[in-house]
>>> print(open('data.cif').read())   # mmCIF, C-alpha atoms
data_model
#
loop_
_atom_site.label_atom_id
_atom_site.label_comp_id
_atom_site.auth_asym_id
_atom_site.auth_seq_id
_atom_site.Cartn_x
_atom_site.Cartn_y
_atom_site.Cartn_z
CA GLU A 23 -11.94 -6.00 -15.27
CA ALA A 24 -12.75 -2.86 -13.28
CA GLY A 25 -10.33 -1.96 -10.51
CA VAL A 26 -10.92 -0.71 -6.99
CA ALA A 27 -12.92 2.52 -7.04
CA GLN A 28 -12.67 5.27 -4.43
CA SER A 29 -14.35 8.62 -3.93
CA PRO A 30 -13.83 11.42 -3.47
CA ARG A 31 -10.30 11.75 -4.85
CA TYR A 32 -9.58 14.88 -2.84
CA LYS A 33 -11.10 16.42 0.28
CA ILE A 34 -10.19 19.52 2.26
CA ILE A 35 -11.82 20.10 5.65
CA GLU A 36 -11.17 22.04 8.82
CA LYS A 37 -10.17 20.34 12.04
CA ARG A 38 -13.04 19.03 14.14
CA GLN A 39 -15.19 18.51 11.03
CA SER A 40 -16.26 15.06 9.91
CA VAL A 41 -15.51 13.32 6.61
CA ALA A 42 -16.37 10.05 4.90
CA PHE A 43 -14.66 8.07 2.18
CA TRP A 44 -16.20 5.42 -0.02
CA CYS A 45 -14.66 2.31 -1.59
CA ASN A 46 -16.01 -0.21 -4.11
CA PRO A 47 -13.74 -3.29 -4.35
CA ILE A 48 -13.14 -5.52 -7.34
CA SER A 49 -16.16 -7.70 -7.97
CA GLY A 50 -15.92 -11.01 -6.15
CA HIS A 51 -13.21 -9.91 -3.73
CA ALA A 52 -14.14 -10.98 -0.22
CA THR A 53 -11.44 -9.09 1.62
CA LEU A 54 -11.26 -5.29 1.82
CA TYR A 55 -8.59 -3.15 3.43
CA TRP A 56 -8.28 0.52 4.39
CA TYR A 57 -4.78 1.99 4.66
CA GLN A 58 -3.53 5.39 5.78
CA GLN A 59 -0.47 6.79 4.01
CA ILE A 60 1.10 9.87 5.56
CA LEU A 61 3.42 11.88 3.31
CA GLY A 62 6.84 10.23 3.07
CA GLN A 63 5.69 7.01 4.74
CA GLY A 64 4.52 3.64 3.54
CA PRO A 65 0.82 2.77 3.87
CA LYS A 66 -0.34 1.58 7.30
CA LEU A 67 -3.28 -0.82 7.66
CA LEU A 68 -6.23 0.70 9.51
CA ILE A 69 -8.84 -2.03 9.14
CA GLN A 70 -9.40 -5.30 7.29
CA PHE A 71 -12.81 -6.79 6.46
CA GLN A 72 -13.57 -10.35 5.43
CA ASN A 73 -16.97 -10.09 3.73
CA ASN A 74 -18.83 -7.81 6.20
CA GLY A 75 -16.92 -8.85 9.32
CA VAL A 76 -13.89 -7.10 10.82
CA VAL A 77 -10.71 -9.22 10.84
CA ASP A 78 -8.22 -6.66 12.12
CA ASP A 79 -8.78 -3.13 13.38
CA SER A 80 -5.91 -3.02 15.85
CA GLN A 81 -4.41 0.15 14.32
CA LEU A 82 -7.69 2.02 13.85
CA PRO A 83 -8.02 5.05 16.20
CA LYS A 84 -11.46 4.02 17.34
CA ASP A 85 -12.18 7.22 19.25
CA ARG A 86 -12.49 9.08 15.95
CA PHE A 87 -12.36 6.58 13.08
CA SER A 88 -15.09 4.14 12.12
CA ALA A 89 -15.62 1.88 9.14
CA GLU A 90 -18.34 -0.39 7.89
CA ARG A 91 -18.87 -2.80 5.04
CA LEU A 92 -22.57 -3.45 4.80
CA LYS A 93 -23.60 -6.38 2.58
CA GLY A 94 -19.95 -7.35 2.20
CA VAL A 95 -19.31 -5.19 -0.86
CA ASP A 96 -18.84 -1.39 -0.62
CA SER A 97 -17.19 0.14 2.41
CA THR A 98 -17.19 3.54 4.09
CA LEU A 99 -14.46 4.98 6.31
CA LYS A 100 -15.43 7.92 8.53
CA ILE A 101 -13.41 10.34 10.62
CA GLN A 102 -15.21 12.37 13.28
CA PRO A 103 -13.83 14.76 14.44
CA ALA A 104 -10.80 15.20 12.20
CA LYS A 105 -7.42 16.33 13.53
CA LEU A 106 -4.53 17.97 11.71
CA GLU A 107 -2.52 14.73 11.88
CA ASP A 108 -5.21 12.90 9.90
CA SER A 109 -3.97 14.63 6.74
CA ALA A 110 -2.94 11.71 4.55
CA VAL A 111 -3.91 9.60 1.56
CA TYR A 112 -6.48 6.94 2.41
CA LEU A 113 -6.09 3.86 0.25
CA CYS A 114 -8.59 1.08 -0.20
CA ALA A 115 -7.48 -2.35 -1.40
CA SER A 116 -9.18 -5.67 -2.03
CA SER A 117 -8.20 -9.29 -2.51
CA LEU A 118 -9.96 -12.56 -3.30
CA GLY A 119 -9.46 -13.77 0.24
CA ALA A 120 -7.47 -13.16 3.38
CA SER A 121 -4.99 -15.95 2.71
CA GLY A 122 -1.40 -14.80 2.74
CA ASN A 123 -0.95 -15.85 -0.88
CA ASN A 124 -3.66 -13.55 -2.22
CA GLU A 125 -2.54 -10.40 -3.98
CA GLN A 126 -3.97 -7.05 -2.90
CA PHE A 127 -5.16 -4.56 -5.52
CA PHE A 128 -5.24 -0.88 -4.63
CA GLY A 129 -7.53 1.97 -5.56
CA PRO A 130 -6.33 5.49 -6.49
CA GLY A 131 -6.76 6.79 -2.94
CA THR A 132 -8.43 9.81 -1.35
CA ARG A 133 -6.13 12.67 -0.41
CA LEU A 134 -7.38 14.34 2.78
CA THR A 135 -6.13 17.73 3.91
CA VAL A 136 -7.16 18.91 7.39
CA LEU A 137 -6.66 22.65 7.98
CA LYS B 29 7.04 -6.75 15.13
CA GLN B 30 7.90 -6.76 11.43
CA GLU B 31 9.87 -3.77 10.18
CA VAL B 32 10.67 -3.07 6.54
CA THR B 33 13.51 -0.80 5.46
CA GLN B 34 14.20 0.48 1.97
CA ILE B 35 17.52 1.88 0.85
CA PRO B 36 18.18 4.33 -0.67
CA ALA B 37 15.35 6.74 0.14
CA ALA B 38 15.93 8.52 -3.18
CA LEU B 39 17.87 7.72 -6.32
CA SER B 40 18.58 9.75 -9.44
CA VAL B 41 20.05 8.06 -12.53
CA PRO B 42 20.54 8.87 -16.22
CA GLU B 43 18.32 7.16 -18.76
CA GLY B 44 19.53 3.73 -19.87
CA GLU B 45 21.24 2.82 -16.62
CA ASN B 46 20.56 -0.47 -14.85
CA LEU B 47 19.70 -0.03 -11.18
CA VAL B 48 18.94 -1.93 -7.99
CA LEU B 49 16.55 -1.01 -5.20
CA ASN B 50 16.95 -2.70 -1.84
CA CYS B 51 14.46 -3.89 0.74
CA SER B 52 15.17 -5.58 4.08
CA PHE B 53 12.80 -7.02 6.67
CA THR B 54 13.33 -8.13 10.26
CA ASP B 55 11.10 -11.23 10.51
CA SER B 56 11.81 -13.93 7.94
CA ALA B 57 8.51 -15.74 8.60
CA ILE B 58 6.66 -14.27 5.63
CA TYR B 59 4.06 -15.52 3.16
CA ASN B 60 5.21 -13.30 0.34
CA LEU B 61 6.87 -10.05 -0.63
CA GLN B 62 5.43 -7.55 -3.05
CA TRP B 63 6.94 -4.62 -4.95
CA PHE B 64 4.67 -1.70 -5.82
CA ARG B 65 5.00 1.43 -7.86
CA GLN B 66 3.35 4.68 -6.80
CA ASP B 67 3.11 7.71 -9.08
CA PRO B 68 2.49 11.15 -7.51
CA GLY B 69 -1.13 11.53 -6.45
CA LYS B 70 -1.96 7.98 -7.48
CA GLY B 71 -2.60 4.66 -5.80
CA LEU B 72 -0.30 1.65 -5.75
CA THR B 73 0.35 -0.53 -8.77
CA SER B 74 1.59 -4.04 -8.05
CA LEU B 75 4.75 -4.86 -10.00
CA LEU B 76 5.85 -8.24 -8.74
CA LEU B 77 4.79 -10.67 -6.04
CA ILE B 78 7.23 -13.30 -4.79
CA GLN B 79 5.89 -16.17 -2.72
CA SER B 80 8.02 -17.31 0.21
CA SER B 81 8.96 -20.50 -1.65
CA GLN B 82 10.27 -18.57 -4.66
CA ARG B 83 13.66 -16.96 -5.22
CA GLU B 84 12.78 -14.48 -7.93
CA GLN B 85 10.13 -13.14 -10.28
CA THR B 86 10.54 -11.36 -13.60
CA SER B 87 8.28 -9.06 -15.57
CA GLY B 88 9.69 -7.32 -18.62
CA ARG B 89 12.62 -5.14 -17.54
CA LEU B 90 11.95 -5.85 -13.85
CA ASN B 91 13.44 -8.65 -11.79
CA ALA B 92 12.81 -9.11 -8.08
CA SER B 93 14.74 -11.51 -5.89
CA LEU B 94 14.00 -12.80 -2.41
CA ASP B 95 16.39 -14.17 0.19
CA LYS B 96 14.17 -15.06 3.12
CA SER B 97 16.94 -16.29 5.38
CA SER B 98 18.79 -12.98 5.25
CA GLY B 99 15.59 -10.90 5.17
CA ARG B 100 16.38 -9.18 1.89
CA SER B 101 14.86 -8.46 -1.49
CA THR B 102 16.12 -6.51 -4.46
CA LEU B 103 14.29 -4.98 -7.39
CA TYR B 104 16.43 -4.77 -10.51
CA ILE B 105 15.36 -2.40 -13.28
CA ALA B 106 17.16 -2.84 -16.60
CA ALA B 107 17.69 -0.05 -19.12
CA SER B 108 15.83 2.56 -17.08
CA GLN B 109 13.53 5.05 -18.83
CA PRO B 110 12.11 8.44 -17.73
CA GLY B 111 8.71 6.74 -17.45
CA ASP B 112 10.12 4.59 -14.65
CA SER B 113 10.30 7.67 -12.43
CA ALA B 114 8.08 6.97 -9.41
CA THR B 115 8.24 5.82 -5.80
CA TYR B 116 8.84 2.09 -5.38
CA LEU B 117 7.46 0.43 -2.27
CA CYS B 118 8.31 -2.96 -0.84
CA ALA B 119 5.79 -4.79 1.36
CA VAL B 120 5.91 -8.11 3.19
CA ARG B 121 3.02 -10.27 4.32
CA GLY B 122 3.82 -12.21 7.47
CA GLY B 123 2.16 -14.31 10.11
CA SER B 124 -0.47 -11.71 10.95
CA GLU B 125 -1.30 -11.64 7.22
CA LYS B 126 -0.98 -7.88 7.30
CA LEU B 127 1.00 -6.15 4.57
CA VAL B 128 3.83 -4.19 6.20
CA PHE B 129 5.33 -1.52 3.96
CA GLY B 130 8.67 0.21 3.78
CA LYS B 131 8.85 3.96 3.28
CA GLY B 132 9.77 3.61 -0.36
CA THR B 133 12.54 4.66 -2.72
CA LYS B 134 11.86 7.71 -4.89
CA LEU B 135 13.41 7.06 -8.31
CA THR B 136 14.11 9.79 -10.86
CA VAL B 137 15.34 8.79 -14.32
CA ASN B 138 16.77 11.76 -16.19
CA PRO B 139 16.51 11.96 -19.99
#
>>> encode(input="data.cif", output="structure tokens")
Amino acid sequence: EAGVAQSPRYKIIEKRQSVAFWCNPISGHATLYWYQQILGQGPKLLIQFQNNGVVDDSQLPKDRFSAERLKGVDSTLKIQPAKLEDSAVYLCASSLGASGNNEQFFGPGTRLTVL
Amino acid sequence: KQEVTQIPAALSVPEGENLVLNCSFTDSAIYNLQWFRQDPGKGLTSLLLIQSSQREQTSGRLNASLDKSSGRSTLYIAASQPGDSATYLCAVRGGSEKLVFGKGTKLTVNP
């Protein structure tokens, strides 16, 4: 079974530029998550989708971050404009459903460096 | 607001030693607790998931326990190997159904 796929794996940009990350979840997984992991910290949930609807985006900085999950499969996370403090690893995860008993499976992440 | 703490932040042991990693959480109303492993530059690999009704889970040389009432979990690694070197993260899933992570314990197993 294929895992969660993410691209690109690495990205270096200058502040005020824009960037987009892509995630393809495990086939059949209805729930998709984007996390931000700053160096030395645990991952923090940015946004959760159930199919193509947003369940939780309370920690998403909406003035600069946006995410979509068209057709309820792949998802894109965008940052525009980027700030220095956005340097982090962005992790995508998926699960069968949003129920608390469902296990989340993580992709390899995208490491973003903002200069 | 759920907070997850992991102690110690870093641990260095000789190969073959048994070791325990600790995780504590402030709100005992959880669905489950999950232990992950993260290698440098990689994503998270799930090691063990303990449902709130369970006391422990075992996989190979790993054993995780859960004491919901005291808000604690431990990850026991038997006969450690250099390949076990990684950062171990604990995460709890509570009423909001969000996974809340600790900062992790960086483990180094020396040959």
>>> resolve_selection(input="data.cif", expression="the PyMOL selection byres ((chain B) within 12 of (chain A))", output="tab-separated table (two decimals) with C-alpha atoms, in the coordinates of the input")
chain	number	residue	atom	x	y	z
B	31	GLU	CA	9.87	-3.77	10.18
B	32	VAL	CA	10.67	-3.07	6.54
B	33	THR	CA	13.51	-0.80	5.46
B	34	GLN	CA	14.20	0.48	1.97
B	37	ALA	CA	15.35	6.74	0.14
B	38	ALA	CA	15.93	8.52	-3.18
B	57	ALA	CA	8.51	-15.74	8.60
B	58	ILE	CA	6.66	-14.27	5.63
B	59	TYR	CA	4.06	-15.52	3.16
B	60	ASN	CA	5.21	-13.30	0.34
B	61	LEU	CA	6.87	-10.05	-0.63
B	62	GLN	CA	5.43	-7.55	-3.05
B	63	TRP	CA	6.94	-4.62	-4.95
B	64	PHE	CA	4.67	-1.70	-5.82
B	65	ARG	CA	5.00	1.43	-7.86
B	66	GLN	CA	3.35	4.68	-6.80
B	67	ASP	CA	3.11	7.71	-9.08
B	68	PRO	CA	2.49	11.15	-7.51
B	69	GLY	CA	-1.13	11.53	-6.45
B	70	LYS	CA	-1.96	7.98	-7.48
B	71	GLY	CA	-2.60	4.66	-5.80
B	72	LEU	CA	-0.30	1.65	-5.75
B	73	THR	CA	0.35	-0.53	-8.77
B	74	SER	CA	1.59	-4.04	-8.05
B	75	LEU	CA	4.75	-4.86	-10.00
B	76	LEU	CA	5.85	-8.24	-8.74
B	77	LEU	CA	4.79	-10.67	-6.04
B	78	ILE	CA	7.23	-13.30	-4.79
B	79	GLN	CA	5.89	-16.17	-2.72
B	80	SER	CA	8.02	-17.31	0.21
B	81	SER	CA	8.96	-20.50	-1.65
B	115	THR	CA	8.24	5.82	-5.80
B	116	TYR	CA	8.84	2.09	-5.38
B	117	LEU	CA	7.46	0.43	-2.27
B	118	CYS	CA	8.31	-2.96	-0.84
B	119	ALA	CA	5.79	-4.79	1.36
B	120	VAL	CA	5.91	-8.11	3.19
B	121	ARG	CA	3.02	-10.27	4.32
B	122	GLY	CA	3.82	-12.21	7.47
B	123	GLY	CA	2.16	-14.31	10.11
B	124	SER	CA	-0.47	-11.71	10.95
B	125	GLU	CA	-1.30	-11.64	7.22
B	126	LYS	CA	-0.98	-7.88	7.30
B	127	LEU	CA	1.00	-6.15	4.57
B	128	VAL	CA	3.83	-4.19	6.20
B	129	PHE	CA	5.33	-1.52	3.96
B	130	GLY	CA	8.67	0.21	3.78
B	131	LYS	CA	8.85	3.96	3.28
B	132	GLY	CA	9.77	3.61	-0.36
B	133	THR	CA	12.54	4.66	-2.72
B	134	LYS	CA	11.86	7.71	-4.89
>>> residues_around(input="data.cif", residues="Ser40 (chain B)", least_positions_apart="2", cutoff="8 Å", atoms="all atoms listed in the file", output="number ranges by chain")
B: 38, 42, 135-138
>>> atom_distance(input="data.cif", atom1="CA of Asn73 (chain A)", atom2="CA of Asp85 (chain A)")
23.7 Å
>>> resolve_selection(input="data.cif", expression="the PyMOL selection byres ((chain A and resi 45-47) around 6)", output="list in words")
Val26, Ala27, Gln28, Trp44, Ile48, Asp96, Ser97 and Ser116 of chain A
>>> resolve_selection(input="data.cif", expression="the PyMOL selection byres ((chain B and resi 97-100) around 9)", output="PyMOL selection string")
chain B and resi 50-56+93-96+101-102
>>> atom_distance(input="data.cif", atom1="CA of Leu49 (chain B)", atom2="CA of Gln82 (chain B)")
18.7 Å
>>> closest_residue(input="data.cif", among="A:Phe87, A:Trp56, A:Gln72, A:Ala42", to="Gly119 (chain A)", atoms="all atoms listed in the file")
A:Gln72
>>> residues_around(input="data.cif", residues="Gln39 (chain A)", least_positions_apart="4", cutoff="12 Å", atoms="only C-alpha atoms", output="ChimeraX atom specification")
/A:33-35,86,100-106,108,135-137
>>> atom_distance(input="data.cif", atom1="CA of Lys84 (chain A)", atom2="CA of Leu99 (chain A)")
11.5 Å
>>> closest_residue(input="data.cif", among="A:Val76, A:Leu92, A:Leu82, A:Val41", to="Ser29 (chain A)", atoms="all atoms listed in the file")
A:Val41
>>> axis_aligned_box(input="data.cif", around="region 67-74 of chain B", padding_each_side="4 Å", output="AutoDock Vina command-line options")
--center_x 0.3 --center_y 3.7 --center_z -7.4 --size_x 13.7 --size_y 23.6 --size_z 11.3
>>> closest_residue(input="data.cif", among="A:Leu134, A:Gly25, A:Glu90, A:Ser80", to="Lys37 (chain A)", atoms="only C-alpha atoms")
A:Leu134
>>> closest_residue(input="data.cif", among="B:Glu43, B:Lys29, B:Gly88, B:Tyr104", to="Pro139 (chain B)", atoms="all atoms listed in the file")
B:Glu43
>>> closest_residue(input="data.cif", among="A:Pro83, A:Gly50, A:Gly75, A:Gly94", to="Leu118 (chain A)", atoms="all atoms listed in the file")
A:Gly50
>>> residues_around(input="data.cif", residues="Leu90 (chain B)", least_positions_apart="6", cutoff="8 Å", atoms="all atoms listed in the file", output="JSON, numbers by chain")
{"B": [103, 104, 105, 106]}
>>> residues_around(input="data.cif", residues="Lys93 (chain A)", least_positions_apart="2", cutoff="7 Å", atoms="all atoms listed in the file", output="short mmCIF file (atom, residue, chain, number, x, y, z; two decimals) with C-alpha atoms, in the coordinates of the input")
data_model
loop_
_atom_site.label_atom_id
_atom_site.label_comp_id
_atom_site.auth_asym_id
_atom_site.auth_seq_id
_atom_site.Cartn_x
_atom_site.Cartn_y
_atom_site.Cartn_z
CA ASN A 74 -18.83 -7.81 6.20
CA ARG A 91 -18.87 -2.80 5.04
CA VAL A 95 -19.31 -5.19 -0.86
#
